>>> print(open('final-v1.txt').read())   # compact mmCIF, C-alpha atoms
# COMPACT_ATOMS: atom_id res chain seq x y z
CA MET Q 1 23.05 97.79 -12.15
CA SER Q 2 19.51 98.42 -11.10
CA GLU Q 3 18.56 96.51 -8.01
CA ARG Q 4 15.02 96.00 -6.86
CA ARG Q 5 14.51 97.54 -3.46
CA PHE Q 6 11.15 95.84 -2.96
CA GLU Q 7 10.89 92.11 -3.37
CA ILE Q 8 8.61 89.19 -2.63
CA VAL Q 9 10.67 86.00 -2.59
CA GLU Q 10 10.12 82.31 -1.97
CA ASN Q 11 13.60 81.50 -0.72
CA PRO Q 12 15.35 82.50 2.53
CA ILE Q 13 16.08 86.23 2.70
CA ASN Q 14 19.69 87.39 2.66
CA ILE Q 15 19.53 90.09 5.35
CA GLU Q 16 22.81 91.73 4.40
CA GLN Q 17 21.73 92.13 0.79
CA VAL Q 18 18.65 94.06 1.90
CA ILE Q 19 20.77 96.28 4.14
CA ASN Q 20 23.29 96.95 1.36
CA LYS Q 21 20.55 98.45 -0.81
CA VAL Q 22 20.19 101.43 1.56
CA VAL Q 23 23.88 102.08 2.19
CA HIS Q 24 24.63 105.67 1.18
CA PRO Q 25 27.38 108.23 1.87
CA ASN Q 26 24.87 110.63 3.46
CA ALA Q 27 23.45 107.98 5.77
CA GLY Q 28 24.47 108.14 9.41
CA ALA Q 29 22.11 105.38 10.49
CA ILE Q 30 20.68 102.17 9.08
CA ASN Q 31 17.77 100.70 10.98
CA THR Q 32 16.60 97.16 10.28
CA PHE Q 33 13.47 95.28 11.23
CA ILE Q 34 13.47 91.50 10.96
CA GLY Q 35 10.13 89.78 11.34
CA THR Q 36 10.42 86.13 12.38
CA VAL Q 37 7.98 83.26 12.81
CA ARG Q 38 6.81 82.97 16.42
CA GLU Q 39 5.98 79.62 17.98
CA MET Q 40 3.51 80.58 20.73
CA THR Q 41 0.56 82.93 20.26
CA ASN Q 42 -1.18 82.96 23.63
CA ASP Q 43 -1.76 79.25 24.25
CA LYS Q 44 -1.58 78.16 20.62
CA ARG Q 45 1.52 76.49 19.25
CA THR Q 46 2.45 77.21 15.64
CA VAL Q 47 4.03 74.31 13.78
CA TYR Q 48 4.66 76.25 10.56
CA LEU Q 49 3.22 79.19 8.60
CA LYS Q 50 2.27 79.67 5.02
CA TYR Q 51 2.35 83.13 3.47
CA GLU Q 52 0.50 83.94 0.27
CA ALA Q 53 0.69 87.23 -1.65
CA TYR Q 54 -0.95 89.01 -4.53
CA VAL Q 55 2.56 89.68 -5.75
CA PRO Q 56 2.18 92.47 -8.35
CA MET Q 57 -0.08 94.50 -6.08
CA ALA Q 58 2.06 93.79 -3.00
CA LEU Q 59 5.09 95.25 -4.81
CA LYS Q 60 3.09 98.36 -5.75
CA GLN Q 61 1.91 98.76 -2.16
CA LEU Q 62 5.49 98.52 -0.90
CA GLN Q 63 6.35 101.39 -3.26
CA ILE Q 64 3.42 103.37 -1.88
CA ILE Q 65 4.86 102.86 1.62
CA GLU Q 66 8.16 104.22 0.34
CA GLU Q 67 6.37 107.30 -1.06
CA GLU Q 68 4.65 107.83 2.28
CA ILE Q 69 8.00 107.55 4.05
CA HIS Q 70 9.56 110.07 1.68
CA ARG Q 71 6.84 112.58 2.49
CA ARG Q 72 7.73 112.35 6.19
CA TRP Q 73 11.45 111.63 5.98
CA PRO Q 74 12.62 112.91 2.59
CA ASP Q 75 16.20 111.67 2.97
CA ALA Q 76 15.26 108.11 3.91
CA ARG Q 77 16.24 105.15 1.76
CA VAL Q 78 14.07 102.07 2.07
CA ALA Q 79 14.42 98.42 1.06
CA ILE Q 80 11.93 95.69 1.93
CA THR Q 81 11.93 91.97 1.18
CA HIS Q 82 9.05 89.72 2.24
CA ARG Q 83 9.22 85.97 1.99
CA ILE Q 84 6.19 83.85 1.03
CA GLY Q 85 5.52 80.13 1.00
CA GLU Q 86 6.08 77.77 3.91
CA LEU Q 87 8.12 79.06 6.86
CA LYS Q 88 9.26 77.32 10.03
CA ILE Q 89 9.62 78.69 13.55
CA SER Q 90 12.28 81.45 13.70
CA ASP Q 91 12.50 81.76 9.91
CA THR Q 92 12.75 85.33 8.69
CA ALA Q 93 9.50 86.46 7.06
CA VAL Q 94 10.32 90.10 6.37
CA VAL Q 95 13.37 92.35 6.37
CA ILE Q 96 13.10 96.13 6.28
CA ALA Q 97 16.15 98.38 6.05
CA VAL Q 98 15.93 102.16 6.30
CA SER Q 99 18.85 104.54 6.15
CA THR Q 100 18.69 108.21 7.09
CA PRO Q 101 21.24 110.94 7.87
CA HIS Q 102 20.42 110.80 11.62
CA ARG Q 103 19.36 107.88 13.81
CA ALA Q 104 16.03 109.11 15.17
CA SER Q 105 14.28 109.16 11.82
CA SER Q 106 15.66 105.76 10.84
CA PHE Q 107 13.90 104.20 13.86
CA GLU Q 108 10.68 106.07 13.14
CA ALA Q 109 10.60 105.31 9.43
CA CYS Q 110 11.38 101.63 9.95
CA ARG Q 111 8.56 101.34 12.49
CA TYR Q 112 6.27 103.15 10.09
CA ALA Q 113 7.11 100.68 7.31
CA ILE Q 114 6.25 97.54 9.29
CA GLU Q 115 2.99 99.01 10.60
CA ARG Q 116 1.95 99.94 7.07
CA ILE Q 117 2.88 96.49 5.73
CA LYS Q 118 0.43 95.04 8.22
CA GLU Q 119 -2.27 97.41 6.98
CA ILE Q 120 -2.05 97.75 3.20
CA VAL Q 121 0.14 95.08 1.60
CA PRO Q 122 -1.83 92.10 0.23
CA ILE Q 123 0.05 89.30 1.98
CA TRP Q 124 -1.76 86.72 4.08
CA LYS Q 125 -0.53 84.34 6.73
CA LYS Q 126 -2.00 80.92 7.40
CA GLU Q 127 -1.11 79.53 10.79
CA HIS Q 128 -0.76 75.79 11.02
CA TRP Q 129 -1.24 75.10 14.72
CA ASP Q 130 -0.59 71.80 16.43
CA ASN Q 131 -4.38 71.37 16.57
CA GLY Q 132 -5.66 72.95 13.36
CA GLU Q 133 -5.12 75.79 10.93
CA SER Q 134 -6.49 79.27 10.25
CA TRP Q 135 -5.87 82.34 8.16
CA VAL Q 136 -4.83 85.22 10.35
CA GLY Q 137 -7.30 87.98 9.72
CA ASP Q 138 -10.13 85.51 10.14
CA GLN Q 139 -9.12 85.54 13.77
CA LYS Q 140 -9.96 88.09 16.43
CA GLU Q 141 -6.24 88.62 16.93
CA GLN Q 142 -6.17 91.19 14.16
CA ALA Q 143 -8.57 94.10 14.03
CA ALA Q 144 -7.91 94.67 10.35
CA TYR Q 145 -9.33 97.74 8.64
CA ILE Q 146 -10.93 98.96 11.84
CA LYS Q 147 -9.77 102.45 10.90
CA GLY Q 148 -11.56 102.27 7.56
CA HIS Q 149 -9.92 102.36 4.21
CA PRO Q 150 -6.28 101.27 4.36
CA GLU Q 151 -5.07 104.03 2.09
CA LYS Q 152 -5.54 106.44 4.93
CA GLU Q 153 -2.03 106.93 6.10
CA TYR Q 154 -0.91 105.68 9.44
CA ALA Q 155 -0.49 108.16 12.30
CA GLU Q 156 -1.52 111.25 10.38
CA MET X 1 -15.28 90.22 -19.19
CA ILE X 2 -13.52 90.96 -15.91
CA LYS X 3 -11.38 88.59 -13.91
CA ILE X 4 -11.93 88.45 -10.16
CA LEU X 5 -9.00 87.08 -8.17
CA LEU X 6 -9.50 85.39 -4.81
CA PHE X 7 -6.85 84.88 -2.16
CA ALA X 8 -6.22 83.20 1.19
CA GLY X 9 -9.34 82.20 3.13
CA LEU X 10 -11.68 83.48 0.40
CA LYS X 11 -10.07 81.24 -2.18
CA GLU X 12 -10.49 78.25 0.12
CA ARG X 13 -14.09 79.06 1.03
CA VAL X 14 -15.15 79.52 -2.60
CA GLY X 15 -12.93 76.69 -3.86
CA LYS X 16 -11.62 78.76 -6.81
CA SER X 17 -8.87 81.31 -7.30
CA VAL X 18 -10.51 83.16 -10.22
CA LEU X 19 -14.12 84.11 -10.97
CA THR X 20 -15.31 85.94 -14.08
CA TRP X 21 -18.03 88.53 -14.61
CA ASP X 22 -19.49 89.50 -17.99
CA LYS X 23 -21.78 92.48 -17.49
CA THR X 24 -19.65 95.64 -17.66
CA PRO X 25 -19.32 98.48 -16.85
CA ILE X 26 -20.20 97.93 -13.20
CA THR X 27 -19.29 99.86 -10.06
CA VAL X 28 -17.33 98.28 -7.22
CA ALA X 29 -20.42 98.61 -5.00
CA MET X 30 -22.65 96.82 -7.49
CA LEU X 31 -20.13 94.06 -8.10
CA LYS X 32 -19.82 93.49 -4.35
CA GLU X 33 -23.59 93.14 -4.11
CA GLU X 34 -23.62 90.58 -6.91
CA LEU X 35 -20.68 88.63 -5.49
CA GLN X 36 -22.38 88.23 -2.13
CA LYS X 37 -24.61 85.67 -3.85
CA VAL X 38 -21.56 83.43 -4.45
CA PRO X 39 -21.39 80.72 -1.77
CA GLY X 40 -18.42 81.54 0.47
CA LEU X 41 -18.51 85.27 -0.25
CA ASP X 42 -21.50 86.04 1.92
CA HIS X 43 -19.78 88.21 4.51
CA PHE X 44 -18.22 91.01 2.61
CA SER X 45 -17.86 93.63 5.30
CA SER X 46 -14.14 93.10 5.93
CA ILE X 47 -13.20 92.56 2.27
CA LEU X 48 -11.61 95.30 0.19
CA VAL X 49 -11.68 95.47 -3.56
CA ALA X 50 -8.69 96.22 -5.76
CA VAL X 51 -9.05 97.14 -9.42
CA ASN X 52 -5.96 96.71 -11.59
CA GLU X 53 -3.73 96.26 -8.51
CA ALA X 54 -4.88 99.33 -6.58
CA TYR X 55 -7.46 99.60 -3.77
CA ALA X 56 -10.73 100.95 -5.20
CA ARG X 57 -13.58 102.72 -3.48
CA ASP X 58 -17.23 101.77 -3.98
CA ASP X 59 -17.88 104.34 -6.72
CA VAL X 60 -15.05 103.21 -9.02
CA VAL X 61 -16.30 101.88 -12.36
CA ILE X 62 -14.93 98.54 -13.53
CA ASN X 63 -14.64 98.09 -17.29
CA ASP X 64 -14.23 95.16 -19.64
CA GLY X 65 -10.70 93.75 -19.36
CA ASP X 66 -10.06 95.04 -15.84
CA THR X 67 -8.70 92.73 -13.16
CA VAL X 68 -10.44 92.82 -9.81
CA ALA X 69 -9.06 91.30 -6.63
CA LEU X 70 -10.93 90.62 -3.40
CA ILE X 71 -8.62 91.45 -0.52
CA PRO X 72 -9.47 89.90 2.84
CA PRO X 73 -7.79 91.44 5.92
CA VAL X 74 -4.06 91.27 5.32
CA SER X 75 -1.62 89.63 7.74
CA GLY X 76 1.88 90.03 6.38
CA GLY X 77 4.94 91.08 8.31
>>> encode(input="final-v1.txt", output="C-alpha cells")
Amino acid sequence: MSERRFEIVENPINIEQVINKVVHPNAGAINTFIGTVREMTNDKRTVYLKYEAYVPMALKQLQIIEEEIHRRWPDARVAITHRIGELKISDTAVVIAVSTPHRASSFEACRYAIERIKEIVPIWKKEHWDNGESWVGDQKEQAAYIKGHPEKEYAE
Amino acid sequence: MIKILLFAGLKERVGKSVLTWDKTPITVAMLKEELQKVPGLDHFSSILVAVNEAYARDDVVINDGDTVALIPPVSGG
C-alpha cells in the first residue's frame, strides 16, 4: 500500500496516522510538531481562521522540504499533513512527524520543516477577528520574503 | 493563452480567481509589469510568481499553455 506522506486535507487531522507514516525499525526517535489555532495575537482575539492553499503546488513544495531535510539528515523520514478550510480555536492546522535514528536530529529536522512551511508552501491564513478580518501576510506580523527568494534554503 | 491563478488577498482585491493572458511568449518580469495595470495588483513587490507549480525567477519565459500563479506572502503552519 502506498501512503501519501504529504497531504492537504479539509477534515480534522488524525495525528496518529501522520506519526505512523514515519515509524521505522531504524528510528530511535519520532519528533512531532502540532500547529494549533491561537486565540489571542497581541490584543486581537481570533474567532476562527480560514486556510486556503494552492494545493498541487503546496504538495510539491512539501516534497521539496523533504528533499532539503534529506540533504541535511539523510536518514530522516518525514510526513506532513496541513488542514485547510475553516478552523476554530485550538483546532490542529498542521502535523509534522519526523523520525531519525537519534533524537537530536529529529528535533532539528522537525523545526526545519515548520520554518520552511512558513516560507515556501503556498498556504494562506485569513484571520477572522472579533472586530474584522485580514489575510496574514498583509499584516506587519509576518516579514515574508524579507530574505529574498524563498527557494534559498533556511539556515544555510 | 496562459492562465493566471490568484489566491488569498489578491483574489479578493481583484475579485477573480483566474485571469488570462494571450500574448506569449513573455518573461515573468514582463508579465509582472503588465499585471500591475490590473486594479488590485498594483503593489507587486511582495508577490512571487510560480510557473507550472514552481517558483519562477524574473527571466523565466512563459509559453502558451503554461499556468502562472501569483503567490502573496504565505502564512501556513
>>> closest_atom_pairs(input="final-v1.txt", of="chain X", to="chain Q", cutoff="8 Å", atoms="all atoms listed in the file", output="Markdown table")
| residue | atom | partner | partner_atom | distance |
| --- | --- | --- | --- | --- |
| X:Phe7 | CA | Q:Tyr54 | CA | 7.6 |
| X:Ala8 | CA | Q:Trp124 | CA | 6.4 |
| X:Gly9 | CA | Q:Trp135 | CA | 6.1 |
| X:Ser46 | CA | Q:Tyr145 | CA | 7.2 |
| X:Glu53 | CA | Q:Met57 | CA | 4.7 |
| X:Ala54 | CA | Q:Met57 | CA | 6.8 |
| X:Tyr55 | CA | Q:Glu151 | CA | 7.7 |
| X:Ile71 | CA | Q:Pro122 | CA | 6.9 |
| X:Pro72 | CA | Q:Gly137 | CA | 7.5 |
| X:Pro73 | CA | Q:Gly137 | CA | 5.2 |
| X:Val74 | CA | Q:Trp124 | CA | 5.2 |
| X:Ser75 | CA | Q:Trp124 | CA | 4.7 |
| X:Gly76 | CA | Q:Ile123 | CA | 4.8 |
| X:Gly77 | CA | Q:Val94 | CA | 5.8 |
>>> write_last_selection(input="final-v1.txt", atoms="C-alpha atoms", output="compact mmCIF listing (two decimals), keeping the file's coordinate frame")
# COMPACT_ATOMS: atom_id res chain seq x y z
CA PHE X 7 -6.85 84.88 -2.16
CA ALA X 8 -6.22 83.20 1.19
CA GLY X 9 -9.34 82.20 3.13
CA SER X 46 -14.14 93.10 5.93
CA GLU X 53 -3.73 96.26 -8.51
CA ALA X 54 -4.88 99.33 -6.58
CA TYR X 55 -7.46 99.60 -3.77
CA ILE X 71 -8.62 91.45 -0.52
CA PRO X 72 -9.47 89.90 2.84
CA PRO X 73 -7.79 91.44 5.92
CA VAL X 74 -4.06 91.27 5.32
CA SER X 75 -1.62 89.63 7.74
CA GLY X 76 1.88 90.03 6.38
CA GLY X 77 4.94 91.08 8.31
>>> residues_around(input="final-v1.txt", residues="Asn52 in chain X", least_positions_apart="5", cutoff="7 Å", atoms="all atoms listed in the file", output="ChimeraX atom specification")
/X:66-68
>>> atom_distance(input="final-v1.txt", atom1="CA of Ser106 in chain Q", atom2="CA of Asn11 in chain Q")
27.0 Å
>>> closest_residue(input="final-v1.txt", among="X:Leu41, X:Ala69, X:Ala29, X:Val18", to="Arg57 in chain X", atoms="all atoms listed in the file")
X:Ala29
>>> atom_distance(input="final-v1.txt", atom1="CA of Phe6 in chain Q", atom2="CA of Leu87 in chain Q")
19.7 Å
>>> atom_distance(input="final-v1.txt", atom1="CA of Ile13 in chain Q", atom2="CA of Asp43 in chain Q")
28.8 Å
>>> residues_around(input="final-v1.txt", residues="Asp58 in chain X", least_positions_apart="6", cutoff="12 Å", atoms="all atoms listed in the file", output="list in words")
His149 of chain Q; Ile26, Thr27, Val28, Ala29, Met30, Leu31, Lys32, Glu33, Ile47, Leu48, Val49, Ala50 and Val51 of chain X
>>> residues_around(input="final-v1.txt", residues="Thr32 in chain Q", least_positions_apart="6", cutoff="12 Å", atoms="only C-alpha atoms", output="JSON, numbers by chain")
{"Q": [15, 16, 17, 18, 19, 20, 21, 22, 23, 77, 78, 79, 80, 81, 94, 95, 96, 97, 98, 99, 100, 103, 106, 107, 108, 109, 110, 111, 112, 113, 114]}
>>> decode(input="final-v1.txt", residues="chain X", atoms="C-alpha atoms", output="CSV table (one decimal), in the first residue's frame")
chain,number,residue,atom,x,y,z
X,1,MET,CA,-3.1,31.6,-23.8
X,2,ILE,CA,-1.8,31.4,-20.2
X,3,LYS,CA,-3.9,31.1,-17.1
X,4,ILE,CA,-3.0,33.3,-14.1
X,5,LEU,CA,-4.3,32.0,-10.8
X,6,LEU,CA,-4.9,34.4,-7.9
X,7,PHE,CA,-5.2,33.4,-4.2
X,8,ALA,CA,-6.0,34.8,-0.8
X,9,GLY,CA,-6.0,38.6,-0.5
X,10,LEU,CA,-5.1,39.1,-4.2
X,11,LYS,CA,-8.1,37.1,-5.3
X,12,GLU,CA,-10.3,39.3,-3.1
X,13,ARG,CA,-8.8,42.5,-4.2
X,14,VAL,CA,-9.1,41.7,-7.9
X,15,GLY,CA,-12.5,40.0,-7.5
X,16,LYS,CA,-11.5,37.0,-9.7
X,17,SER,CA,-9.6,33.8,-9.1
X,18,VAL,CA,-8.3,33.4,-12.7
X,19,LEU,CA,-7.0,35.9,-15.3
X,20,THR,CA,-5.9,35.1,-18.8
X,21,TRP,CA,-3.1,36.5,-21.0
X,22,ASP,CA,-2.8,36.0,-24.7
X,23,LYS,CA,0.5,37.4,-25.9
X,24,THR,CA,3.1,34.7,-25.4
X,25,PRO,CA,6.0,34.0,-25.0
X,26,ILE,CA,6.5,36.5,-22.2
X,27,THR,CA,9.0,36.7,-19.4
X,28,VAL,CA,8.0,36.7,-15.8
X,29,ALA,CA,9.3,40.2,-15.4
X,30,MET,CA,7.3,41.5,-18.4
X,31,LEU,CA,4.1,39.8,-17.3
X,32,LYS,CA,4.5,41.3,-13.8
X,33,GLU,CA,4.8,44.7,-15.4
X,34,GLU,CA,1.7,44.2,-17.4
X,35,LEU,CA,-0.3,42.8,-14.5
X,36,GLN,CA,0.4,45.9,-12.4
X,37,LYS,CA,-2.1,47.7,-14.6
X,38,VAL,CA,-4.9,45.4,-13.2
X,39,PRO,CA,-6.8,47.1,-10.4
X,40,GLY,CA,-5.9,45.4,-7.2
X,41,LEU,CA,-2.5,44.1,-8.4
X,42,ASP,CA,-0.7,47.5,-8.1
X,43,HIS,CA,1.7,46.6,-5.4
X,44,PHE,CA,3.7,43.7,-6.7
X,45,SER,CA,6.8,43.9,-4.6
X,46,SER,CA,5.9,41.1,-2.1
X,47,ILE,CA,4.3,38.8,-4.7
X,48,LEU,CA,6.1,35.8,-6.1
X,49,VAL,CA,5.3,34.2,-9.4
X,50,ALA,CA,5.0,30.5,-9.9
X,51,VAL,CA,5.0,28.9,-13.4
X,52,ASN,CA,3.6,25.4,-13.7
X,53,GLU,CA,3.6,25.0,-9.9
X,54,ALA,CA,7.2,26.0,-9.2
X,55,TYR,CA,8.6,29.4,-8.1
X,56,ALA,CA,10.0,31.2,-11.2
X,57,ARG,CA,12.6,34.0,-11.4
X,58,ASP,CA,12.1,37.1,-13.4
X,59,ASP,CA,13.9,35.8,-16.5
X,60,VAL,CA,11.8,32.6,-16.9
X,61,VAL,CA,9.9,32.6,-20.2
X,62,ILE,CA,6.2,31.7,-20.0
X,63,ASN,CA,4.8,29.9,-23.0
X,64,ASP,CA,1.3,29.3,-24.4
X,65,GLY,CA,-0.5,26.7,-22.2
X,66,ASP,CA,1.5,27.4,-19.1
X,67,THR,CA,-0.2,28.0,-15.8
X,68,VAL,CA,1.0,31.0,-13.8
X,69,ALA,CA,0.2,31.6,-10.1
X,70,LEU,CA,0.6,34.9,-8.2
X,71,ILE,CA,1.8,34.0,-4.7
X,72,PRO,CA,1.3,36.6,-2.0
X,73,PRO,CA,3.3,36.1,1.2
X,74,VAL,CA,2.4,32.7,2.6
X,75,SER,CA,1.1,32.1,6.1
X,76,GLY,CA,0.6,28.4,6.6
X,77,GLY,CA,1.6,26.4,9.6
